[in-house]
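Q: Encoded as structure tokens, here's the structure I'll be asking about.
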Amino acid sequence: MEISEKELIEKIDNGDNVVVDFWAEFCGPCKVMKPSFDKVSKDYRESGSNVELYTLNLGKYRDLATKHGIRSVPTIKSFKGGKVFHSTIGLQTESQIKELAQNLLDV
């Protein structure tokens, strides 16, 4: 599920548990990972979890990349309590994406 910069800032400011896949249209690994990320996002949404997973196209929000120190895509960042909880760069498998989301619940 795609999120806008404004929506993301609101969720971070609210202290929500959020996992965000920062991607770009020119990025091959981003396209490969998208179906897995979307599946995990759907699974968490349908389960009623308090962890939300979103994608954000950096082509539309270039300033956000600078603000969050993103120099490579795909980059996945987890936010908890209004702060970056974890950050990882590169292609992630479905199980790795699930683990990133689960880590927000385990703390």
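Labels used: A, B, ... for chains in the order of the structure tokens, numbers from 1 for residues in each chain, and numbers from 1 for ligands as shown.
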When you look at Pro74 of chain A with a cut-off of 6 Å (counting only C-alpha atoms), what residues show up, excluding the ones that are within fewer than 6 positions of it in the same chain? I need them as an MDAnalysis selection string.
A: chainID A and resid 22:23 30 89:90
Q: Export N, CA, C and O atoms of the chosen residues as a short mmCIF file (atom, residue, chain, number, x, y, z; two decimals), in the first residue's frame?
A:
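And here's out33.cif as it stands now:
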```cif
data_model
loop_
_atom_site.label_atom_id
_atom_site.label_comp_id
_atom_site.auth_asym_id
_atom_site.auth_seq_id
_atom_site.Cartn_x
_atom_site.Cartn_y
_atom_site.Cartn_z
N PHE A 22 11.08 2.24 0.97
CA PHE A 22 11.39 3.40 0.12
C PHE A 22 11.93 2.85 -1.19
O PHE A 22 12.95 2.16 -1.20
N TRP A 23 11.28 3.16 -2.31
CA TRP A 23 11.61 2.57 -3.59
C TRP A 23 11.63 3.63 -4.68
O TRP A 23 11.25 4.78 -4.44
N CYS A 30 13.78 -3.21 -6.48
CA CYS A 30 12.53 -2.71 -5.87
C CYS A 30 11.32 -3.41 -6.49
O CYS A 30 10.39 -3.80 -5.79
N ILE A 89 19.11 -2.01 3.83
CA ILE A 89 19.23 -1.64 2.43
C ILE A 89 19.31 -2.91 1.59
O ILE A 89 19.97 -3.88 1.97
N GLY A 90 18.65 -2.87 0.44
CA GLY A 90 18.75 -3.97 -0.51
C GLY A 90 17.52 -4.87 -0.52
O GLY A 90 16.61 -4.73 0.30
#
```
Q: Quick one: residues within 12 Å of Leu64 of chain A, only C-alpha atoms, excluding same-chain residues fewer than 2 positions away - as a ChimeraX atom specification?
A: /A:4-6,8-9,22-23,56-62,66-71
Q: Please identify which residues in segment 55-95 of chain A DSSP calls alpha helix (DSSP H) from the backbone, and express them as a list in words.
A: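 Everything in segment 55-95 of chain A that counts as alpha helix (DSSP H) is Arg62, Asp63, Leu64, Ala65, Thr66, Lys67, Glu94 and Ser95 of chain A.
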Q: Find the residues near Glu7 of chain A: any atom within 12 Å, counting only C-alpha atoms, skip ones fewer than 6 places away on the same chain, and give them as a PDB file with all heavy atoms, in the first residue's frame.
A:
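Heads up, here's the output in out_26.pdb:
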```pdb
ATOM      1  N   ASP A  13       4.990  10.861  13.641  1.00  0.00           N
ATOM      2  CA  ASP A  13       4.740  11.801  14.739  1.00  0.00           C
ATOM      3  C   ASP A  13       3.781  11.227  15.781  1.00  0.00           C
ATOM      4  O   ASP A  13       3.888  11.536  16.965  1.00  0.00           O
ATOM      5  CB  ASP A  13       4.194  13.132  14.210  1.00  0.00           C
ATOM      6  CG  ASP A  13       5.252  13.954  13.481  1.00  0.00           C
ATOM      7  OD1 ASP A  13       6.460  13.626  13.583  1.00  0.00           O
ATOM      8  OD2 ASP A  13       4.871  14.924  12.796  1.00  0.00           O
ATOM      9  N   ASN A  14       2.853  10.370  15.346  1.00  0.00           N
ATOM     10  CA  ASN A  14       1.912   9.724  16.270  1.00  0.00           C
ATOM     11  C   ASN A  14       2.543   8.563  17.031  1.00  0.00           C
ATOM     12  O   ASN A  14       1.927   7.985  17.914  1.00  0.00           O
ATOM     13  CB  ASN A  14       0.682   9.202  15.513  1.00  0.00           C
ATOM     14  CG  ASN A  14      -0.236  10.300  15.058  1.00  0.00           C
ATOM     15  OD1 ASN A  14      -0.212  11.410  15.573  1.00  0.00           O
ATOM     16  ND2 ASN A  14      -1.041  10.006  14.051  1.00  0.00           N
ATOM     17  N   ASP A  16       3.309   5.657  15.682  1.00  0.00           N
ATOM     18  CA  ASP A  16       2.812   4.384  15.150  1.00  0.00           C
ATOM     19  C   ASP A  16       3.963   3.441  14.804  1.00  0.00           C
ATOM     20  O   ASP A  16       5.074   3.879  14.528  1.00  0.00           O
ATOM     21  CB  ASP A  16       1.980   4.627  13.887  1.00  0.00           C
ATOM     22  CG  ASP A  16       0.685   5.380  14.159  1.00  0.00           C
ATOM     23  OD1 ASP A  16       0.343   5.583  15.343  1.00  0.00           O
ATOM     24  OD2 ASP A  16       0.026   5.779  13.187  1.00  0.00           O
ATOM     25  N   VAL A  18       5.469   1.465  12.131  1.00  0.00           N
ATOM     26  CA  VAL A  18       5.378   1.536  10.681  1.00  0.00           C
ATOM     27  C   VAL A  18       6.645   0.971  10.050  1.00  0.00           C
ATOM     28  O   VAL A  18       7.746   1.279  10.499  1.00  0.00           O
ATOM     29  CB  VAL A  18       5.186   3.003  10.218  1.00  0.00           C
ATOM     30  CG1 VAL A  18       5.035   3.087   8.721  1.00  0.00           C
ATOM     31  CG2 VAL A  18       3.990   3.640  10.901  1.00  0.00           C
ATOM     32  N   VAL A  20       8.389   0.932   6.281  1.00  0.00           N
ATOM     33  CA  VAL A  20       8.256   1.607   4.992  1.00  0.00           C
ATOM     34  C   VAL A  20       9.324   1.125   4.023  1.00  0.00           C
ATOM     35  O   VAL A  20      10.517   1.141   4.345  1.00  0.00           O
ATOM     36  CB  VAL A  20       8.358   3.140   5.146  1.00  0.00           C
ATOM     37  CG1 VAL A  20       8.164   3.829   3.801  1.00  0.00           C
ATOM     38  CG2 VAL A  20       7.343   3.660   6.151  1.00  0.00           C
ATOM     39  N   TYR A  54       4.003   0.031   4.490  1.00  0.00           N
ATOM     40  CA  TYR A  54       3.704   0.897   3.355  1.00  0.00           C
ATOM     41  C   TYR A  54       4.886   0.967   2.411  1.00  0.00           C
ATOM     42  O   TYR A  54       6.024   0.727   2.807  1.00  0.00           O
ATOM     43  CB  TYR A  54       3.395   2.325   3.829  1.00  0.00           C
ATOM     44  CG  TYR A  54       2.189   2.426   4.703  1.00  0.00           C
ATOM     45  CD1 TYR A  54       2.314   2.514   6.076  1.00  0.00           C
ATOM     46  CD2 TYR A  54       0.909   2.443   4.152  1.00  0.00           C
ATOM     47  CE1 TYR A  54       1.195   2.613   6.893  1.00  0.00           C
ATOM     48  CE2 TYR A  54      -0.210   2.540   4.969  1.00  0.00           C
ATOM     49  CZ  TYR A  54      -0.059   2.628   6.328  1.00  0.00           C
ATOM     50  OH  TYR A  54      -1.163   2.722   7.135  1.00  0.00           O
ATOM     51  N   THR A  55       4.595   1.363   1.170  1.00  0.00           N
ATOM     52  CA  THR A  55       5.641   1.689   0.214  1.00  0.00           C
ATOM     53  C   THR A  55       5.584   3.188  -0.045  1.00  0.00           C
ATOM     54  O   THR A  55       4.519   3.809   0.044  1.00  0.00           O
ATOM     55  CB  THR A  55       5.452   0.926  -1.117  1.00  0.00           C
ATOM     56  OG1 THR A  55       4.169   1.230  -1.661  1.00  0.00           O
ATOM     57  CG2 THR A  55       5.582  -0.571  -0.907  1.00  0.00           C
ATOM     58  N   LEU A  56       6.750   3.764  -0.344  1.00  0.00           N
ATOM     59  CA  LEU A  56       6.809   5.190  -0.654  1.00  0.00           C
ATOM     60  C   LEU A  56       7.759   5.389  -1.830  1.00  0.00           C
ATOM     61  O   LEU A  56       8.929   5.010  -1.764  1.00  0.00           O
ATOM     62  CB  LEU A  56       7.297   5.992   0.548  1.00  0.00           C
ATOM     63  CG  LEU A  56       7.155   7.501   0.369  1.00  0.00           C
ATOM     64  CD1 LEU A  56       6.612   8.131   1.636  1.00  0.00           C
ATOM     65  CD2 LEU A  56       8.461   8.131  -0.006  1.00  0.00           C
TER      66      LEU A  56
END
```
Q: Let me make sure I understand: among A:Glu46, A:Asp63, A:Glu52, A:Asp21, which one has the smallest atom-to-atom distance to Gln102 of chain A if we use only C-alpha atoms?
A: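 The shortest atom-to-atom distance to Gln102 of chain A comes from A:Glu52.
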Q: Can you tell me how far atom CA of Val40 of chain A sits from atom CA of Gly81 of chain A, in Å to one decimal?
A: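 Atom CA of Gly81 of chain A lies at a distance of 21.5 Å from atom CA of Val40 of chain A.
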Q: With distances taken over only C-alpha atoms, which of A:Ala65, A:Leu53, A:Gly15, A:Gly48 is nearest to Ser36 of chain A?
A: A:Leu53
Q: Enumerate, as a VMD selection string, the complete set of residues in chain A that a backbone-based DSSP assignment places in strand (DSSP E).
A: chain A and resid 17 to 23 51 to 57 75 to 80 83 to 89
Q: Okay, now the selection with C-alpha atoms, as an mmCIF file, in the first residue's frame?
A:
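Generated output (again_9.cif):
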```cif
data_model
loop_
_atom_site.group_PDB
_atom_site.id
_atom_site.type_symbol
_atom_site.label_atom_id
_atom_site.label_comp_id
_atom_site.auth_asym_id
_atom_site.auth_seq_id
_atom_site.Cartn_x
_atom_site.Cartn_y
_atom_site.Cartn_z
ATOM 1 C CA ASN A 17 4.607 1.122 14.369
ATOM 2 C CA VAL A 18 5.378 1.536 10.681
ATOM 3 C CA VAL A 19 7.572 -0.329 8.198
ATOM 4 C CA VAL A 20 8.256 1.607 4.992
ATOM 5 C CA ASP A 21 9.755 0.371 1.744
ATOM 6 C CA PHE A 22 11.392 3.395 0.124
ATOM 7 C CA TRP A 23 11.614 2.568 -3.588
ATOM 8 C CA VAL A 51 2.194 -2.771 12.638
ATOM 9 C CA GLU A 52 1.494 -1.080 9.324
ATOM 10 C CA LEU A 53 3.571 -1.654 6.169
ATOM 11 C CA TYR A 54 3.704 0.897 3.355
ATOM 12 C CA THR A 55 5.641 1.689 0.214
ATOM 13 C CA LEU A 56 6.809 5.190 -0.654
ATOM 14 C CA ASN A 57 7.981 6.177 -4.137
ATOM 15 C CA THR A 75 15.681 0.836 1.687
ATOM 16 C CA ILE A 76 13.299 -0.405 4.364
ATOM 17 C CA LYS A 77 12.970 1.585 7.559
ATOM 18 C CA SER A 78 10.970 0.645 10.651
ATOM 19 C CA PHE A 79 9.609 3.385 12.891
ATOM 20 C CA LYS A 80 8.493 2.976 16.500
ATOM 21 C CA LYS A 83 11.963 7.275 15.776
ATOM 22 C CA VAL A 84 13.771 5.023 13.336
ATOM 23 C CA PHE A 85 13.870 1.600 14.950
ATOM 24 C CA HIS A 86 15.694 -0.292 12.200
ATOM 25 C CA SER A 87 16.978 0.312 8.680
ATOM 26 C CA THR A 88 18.081 -2.131 5.996
ATOM 27 C CA ILE A 89 19.235 -1.641 2.426
#
```
Q: Which is closer to Pro29 of chain A than all the others in A:Lys11, A:Ser41, A:Glu2, A:Gln92, using only C-alpha atoms?
A: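 Checking each candidate against Pro29 of chain A, we get A:Gln92 as the closest.
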Q: Could you please determine the separation between atom CA of Ser49 of chain A and atom CA of Val73 of chain A in Å, to one decimal place?
A: 26.4 Å
Q: What does the distance from atom CA of Pro35 of chain A to atom CA of Asn50 of chain A come to in Å, to one decimal?
A: 21.2 Å
